[in-house]
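Containing CSV, C-alpha atoms: protein_2.csv.
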```csv
chain,number,residue,atom,x,y,z
C,7,MET,CA,4.9,-107.6,104.0
C,8,PHE,CA,3.5,-104.3,105.1
C,9,THR,CA,2.8,-102.4,108.3
C,10,LEU,CA,0.8,-99.3,109.1
C,11,LYS,CA,2.7,-96.2,110.2
C,12,ASP,CA,1.9,-94.9,113.7
C,13,CYS,CA,-0.5,-97.8,114.4
C,14,GLY,CA,-0.1,-100.7,116.8
C,15,SER,CA,-2.0,-102.5,119.5
C,16,VAL,CA,1.0,-103.2,121.7
C,17,TRP,CA,3.1,-100.4,123.1
C,18,GLY,CA,6.4,-100.1,121.1
C,19,LYS,CA,5.3,-102.7,118.5
C,20,ARG,CA,3.7,-102.3,115.1
C,21,GLY,CA,1.6,-105.0,113.5
C,22,THR,CA,3.2,-106.6,110.5
C,23,TYR,CA,0.9,-108.1,107.8
C,24,TYR,CA,1.9,-110.8,105.3
C,25,ASN,CA,-0.2,-110.4,102.1
C,26,LEU,CA,-1.0,-113.8,100.5
C,27,PRO,CA,-3.5,-114.7,97.8
C,28,MET,CA,-6.6,-116.5,99.1
C,29,GLU,CA,-5.7,-119.7,97.3
C,30,GLU,CA,-2.7,-119.9,99.7
C,31,ILE,CA,-4.6,-118.7,102.8
C,32,LYS,CA,-7.4,-121.1,102.7
C,33,PRO,CA,-5.2,-124.3,103.0
C,34,LEU,CA,-3.5,-122.6,106.0
C,35,LEU,CA,-6.8,-121.9,107.6
C,36,ARG,CA,-7.9,-125.5,107.1
C,37,ALA,CA,-4.6,-126.9,108.5
C,38,GLN,CA,-5.0,-124.7,111.7
C,39,LEU,CA,-8.6,-125.8,112.2
C,40,ALA,CA,-7.7,-129.4,111.6
C,41,ALA,CA,-5.2,-129.1,114.5
C,42,GLY,CA,-8.0,-127.9,116.7
C,43,GLU,CA,-7.0,-124.2,116.7
C,44,THR,CA,-9.5,-121.5,116.1
C,45,ILE,CA,-8.7,-118.5,113.8
C,46,TRP,CA,-9.2,-114.8,114.6
C,47,PHE,CA,-10.1,-112.9,111.5
C,48,GLY,CA,-11.3,-109.4,110.5
C,49,CYS,CA,-14.0,-109.0,107.9
C,50,ASP,CA,-16.7,-106.7,106.5
C,51,CYS,CA,-20.0,-107.4,108.3
C,52,ALA,CA,-21.9,-104.6,106.5
C,53,ASN,CA,-22.3,-106.5,103.2
C,54,ASP,CA,-24.1,-109.7,102.3
C,55,MET,CA,-24.7,-110.9,105.8
C,56,ASP,CA,-28.0,-111.8,107.3
C,57,ARG,CA,-27.5,-111.2,111.0
C,58,ALA,CA,-30.8,-112.8,112.0
C,59,SER,CA,-30.3,-116.1,110.3
C,60,GLY,CA,-26.6,-116.3,110.6
C,61,ILE,CA,-25.8,-116.6,106.9
C,62,MET,CA,-22.7,-114.9,105.4
C,63,MET,CA,-22.7,-115.3,101.6
C,64,ASP,CA,-21.4,-113.1,98.8
C,65,ARG,CA,-24.2,-111.9,96.7
C,66,LEU,CA,-26.8,-113.0,99.3
C,67,TYR,CA,-29.0,-110.1,98.1
C,68,ASP,CA,-29.4,-109.4,94.3
C,69,TYR,CA,-29.0,-105.6,94.2
C,70,GLN,CA,-27.9,-105.7,90.6
C,71,GLY,CA,-31.0,-107.5,89.5
C,72,LEU,CA,-33.3,-105.3,91.6
C,73,PHE,CA,-31.8,-101.9,90.5
C,74,GLU,CA,-30.5,-103.1,87.1
C,75,VAL,CA,-27.1,-101.5,87.9
C,76,ASP,CA,-23.7,-103.1,87.7
C,77,TYR,CA,-22.3,-102.9,91.2
C,78,GLU,CA,-19.4,-105.3,90.6
C,79,LEU,CA,-16.1,-104.2,92.2
C,80,SER,CA,-13.0,-106.2,92.8
C,81,LYS,CA,-11.8,-106.6,96.4
C,82,GLU,CA,-9.1,-104.1,95.7
C,83,GLU,CA,-11.5,-101.6,94.2
C,84,MET,CA,-13.8,-102.0,97.2
C,85,LEU,CA,-10.9,-101.1,99.5
C,86,ASP,CA,-9.8,-98.1,97.3
C,87,TYR,CA,-13.4,-96.7,97.3
C,88,CYS,CA,-14.1,-97.4,100.9
C,89,GLU,CA,-17.0,-99.7,99.8
C,90,SER,CA,-15.6,-102.4,102.1
C,91,GLY,CA,-13.0,-103.1,104.7
C,92,SER,CA,-12.4,-104.9,107.9
C,93,ASN,CA,-14.9,-103.6,110.4
C,94,HIS,CA,-15.5,-106.5,112.8
C,95,ASP,CA,-13.4,-109.3,114.3
C,96,MET,CA,-14.7,-112.8,114.8
C,97,VAL,CA,-13.4,-116.4,115.1
C,98,ILE,CA,-13.5,-119.2,112.6
C,99,ALA,CA,-14.1,-122.3,114.7
C,100,ALA,CA,-14.6,-125.1,112.0
C,101,VAL,CA,-14.7,-125.8,108.3
C,102,LYS,CA,-16.6,-128.4,106.3
C,103,GLU,CA,-16.1,-129.4,102.6
C,104,THR,CA,-19.6,-129.4,101.0
C,105,GLU,CA,-18.4,-130.4,97.6
C,106,PRO,CA,-14.9,-130.9,96.1
C,107,GLY,CA,-13.0,-127.7,96.6
C,108,HIS,CA,-15.9,-125.7,98.2
C,109,TYR,CA,-16.1,-125.1,101.9
C,110,VAL,CA,-18.4,-123.7,104.5
C,111,TRP,CA,-16.8,-122.0,107.5
C,112,LYS,CA,-18.4,-122.0,111.0
C,113,VAL,CA,-18.0,-118.5,112.6
C,114,GLU,CA,-18.4,-117.5,116.2
C,115,ASN,CA,-19.4,-114.0,116.9
C,116,SER,CA,-19.6,-111.7,120.0
C,117,TRP,CA,-23.1,-110.3,119.4
C,118,GLY,CA,-24.7,-112.7,121.7
C,119,THR,CA,-27.0,-115.8,121.3
C,120,GLU,CA,-30.0,-113.8,120.2
C,121,VAL,CA,-28.7,-113.4,116.6
C,122,GLY,CA,-27.5,-115.9,114.1
C,123,MET,CA,-27.6,-119.6,115.2
C,124,GLN,CA,-27.1,-118.9,118.9
C,125,GLY,CA,-24.3,-116.5,118.1
C,126,ARG,CA,-22.8,-118.7,115.3
C,127,TYR,CA,-22.8,-118.1,111.6
C,128,LEU,CA,-22.2,-120.1,108.4
C,129,MET,CA,-19.9,-118.4,106.0
C,130,ASP,CA,-19.4,-119.7,102.5
C,131,ASP,CA,-16.2,-119.6,100.5
C,132,SER,CA,-17.3,-116.7,98.3
C,133,TYR,CA,-17.9,-114.5,101.4
C,134,LEU,CA,-14.5,-115.4,102.9
C,135,GLU,CA,-12.8,-114.6,99.6
C,136,ARG,CA,-14.6,-111.3,99.1
C,137,TYR,CA,-15.1,-109.9,102.6
C,138,ALA,CA,-12.4,-111.4,104.9
C,139,PHE,CA,-9.3,-109.2,105.1
C,140,GLN,CA,-7.1,-110.3,108.0
C,141,PHE,CA,-6.4,-113.7,109.6
C,142,VAL,CA,-4.1,-114.7,112.5
C,143,ILE,CA,-2.4,-117.9,111.3
C,144,HIS,CA,0.3,-119.6,113.4
C,145,LYS,CA,3.8,-119.6,111.7
C,146,LYS,CA,4.0,-123.4,112.1
C,147,TYR,CA,1.5,-123.8,109.2
C,148,LEU,CA,3.5,-121.8,106.7
C,149,ASN,CA,5.8,-123.5,104.1
C,150,GLU,CA,9.5,-122.7,103.8
C,151,LYS,CA,8.9,-120.1,101.0
C,152,GLN,CA,6.3,-118.3,103.1
C,153,LEU,CA,8.5,-118.4,106.2
C,154,SER,CA,11.5,-116.9,104.3
C,155,GLU,CA,9.2,-114.1,102.9
C,156,LEU,CA,8.4,-113.1,106.6
C,157,GLU,CA,12.0,-111.9,106.8
C,158,GLN,CA,11.5,-109.1,104.4
C,159,ASP,CA,11.3,-105.5,105.6
C,160,PRO,CA,7.7,-104.5,105.6
C,161,VAL,CA,6.4,-101.6,103.4
C,162,ALA,CA,5.1,-98.9,105.7
C,163,LEU,CA,1.6,-97.8,104.6
C,164,PRO,CA,0.1,-94.5,105.9
C,165,ALA,CA,-2.1,-94.9,109.0
C,166,ASN,CA,-5.2,-94.0,107.0
C,167,ASP,CA,-4.7,-96.7,104.5
C,168,PRO,CA,-7.9,-98.8,104.0
C,169,MET,CA,-6.1,-101.8,105.5
C,170,GLY,CA,-5.9,-99.9,108.8
C,171,ILE,CA,-9.4,-98.5,108.9
```
So that I can check it, write out the structure of this file as structure tokens.
Amino acid sequence: MFTLKDCGSVWGKRGTYYNLPMEEIKPLLRAQLAAGETIWFGCDCANDMDRASGIMMDRLYDYQGLFEVDYELSKEEMLDYCESGSNHDMVIAAVKETEPGHYVWKVENSWGTEVGMQGRYLMDDSYLERYAFQFVIHKKYLNEKQLSELEQDPVALPANDPMGI
């Protein structure tokens, strides 16, 4: 659990974030979508996204092969070095399993129908894992352990932490 000091979108309230590994988040996302509920999420739209075609895929472009330089950073390192971060909010509207354990997520964006597939995008699992940072998941999809962890006092991060930028 964490929060950002001196940040909040509601007067008198601070946002609290519950940090979970992606292998726990993705089943929660699928459950919420299966119930017919969309998911607000924040991600990095500056990397590995083709705005014109509507494709969001990690390593969509082969910069390492082109420049023969190892650009590989972990998600944590990308945040630490300001290489990535949540810079745009969208909605996940649907999910489809394309092969066992691999999913493609249907994303709706606010940039209008002139881009993507009439304003919609396809995001593969690798992009979700690497570039998605925040999700709004209803509590009713959490298990008992996760619900009990919500009762912890959040760690207050400075307002300029990468998770708040």
Using all atoms listed in the file, which residues sit within 12 Å of Glu103 (chain C) once same-chain residues fewer than 5 positions away are excluded, as a ChimeraX atom specification? /C:36,108-112,130-131
To one decimal in Å, tell me the separation between CA of Trp46 (chain C) and CA of Val121 (chain C). 19.7 Å
Looking at all atoms listed in the file, which of C:Leu35, C:Met129, C:Leu153, C:Ala40 is the one that sits closest to Asp64 (chain C)? C:Met129
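The smallest atom-to-atom distance between Tyr147 (chain C) and any of C:Leu34, C:Met7, C:Met28, C:Met55, using all atoms listed in the file, is found for C:Leu34.
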Here's a test: counting all atoms listed in the file, identify every protein, DNA and RNA residue with an atom at most 12 Å from (-4.0, -124.3, 103.5) in the file's coordinate frame, and state them as a list in words.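 Here the neighbourhood of the point contains Leu26, Pro27, Met28, Glu29, Glu30, Ile31, Lys32, Pro33, Leu34, Leu35, Arg36, Ala37, Gln38, Leu39, Ala40, Val101, Gly107, Ile143, His144, Lys146, Tyr147, Leu148, Asn149 and Gln152 of chain C.
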For Met62 (chain C), which residue among C:Ala99, C:Cys49, C:Val161, C:Cys88 is the nearest when counting all atoms listed in the file?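 The shortest atom-to-atom distance to Met62 (chain C) comes from C:Cys49.
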Residue nearest Asn93 (chain C) among C:Cys51, C:Leu163, C:Ile61, C:Val142 (counting all atoms listed in the file):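 Distance minimum relative to Asn93 (chain C) lands on C:Cys51.
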Could you name the residues that touch Phe141 (chain C) at 8 Å or less, counting only C-alpha atoms, but leaving out those on the same chain fewer than 4 positions away, as a PyMOL selection string? chain C and resi 45-48
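CA of Phe8 (chain C) lies 8.6 Å from CA of Gly21 (chain C).
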From C:Met63, C:Ala58, C:Val75, C:Ala138, residue lying nearest Asp95 (chain C) [all atoms listed in the file]: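 Nearest to Asp95 (chain C): C:Ala138.
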Give the answer as one residue: which of C:Leu10, C:Asn53, C:Leu134, C:Thr22 has the shortest atom-to-atom distance to Asp159 (chain C), using only C-alpha atoms? C:Thr22
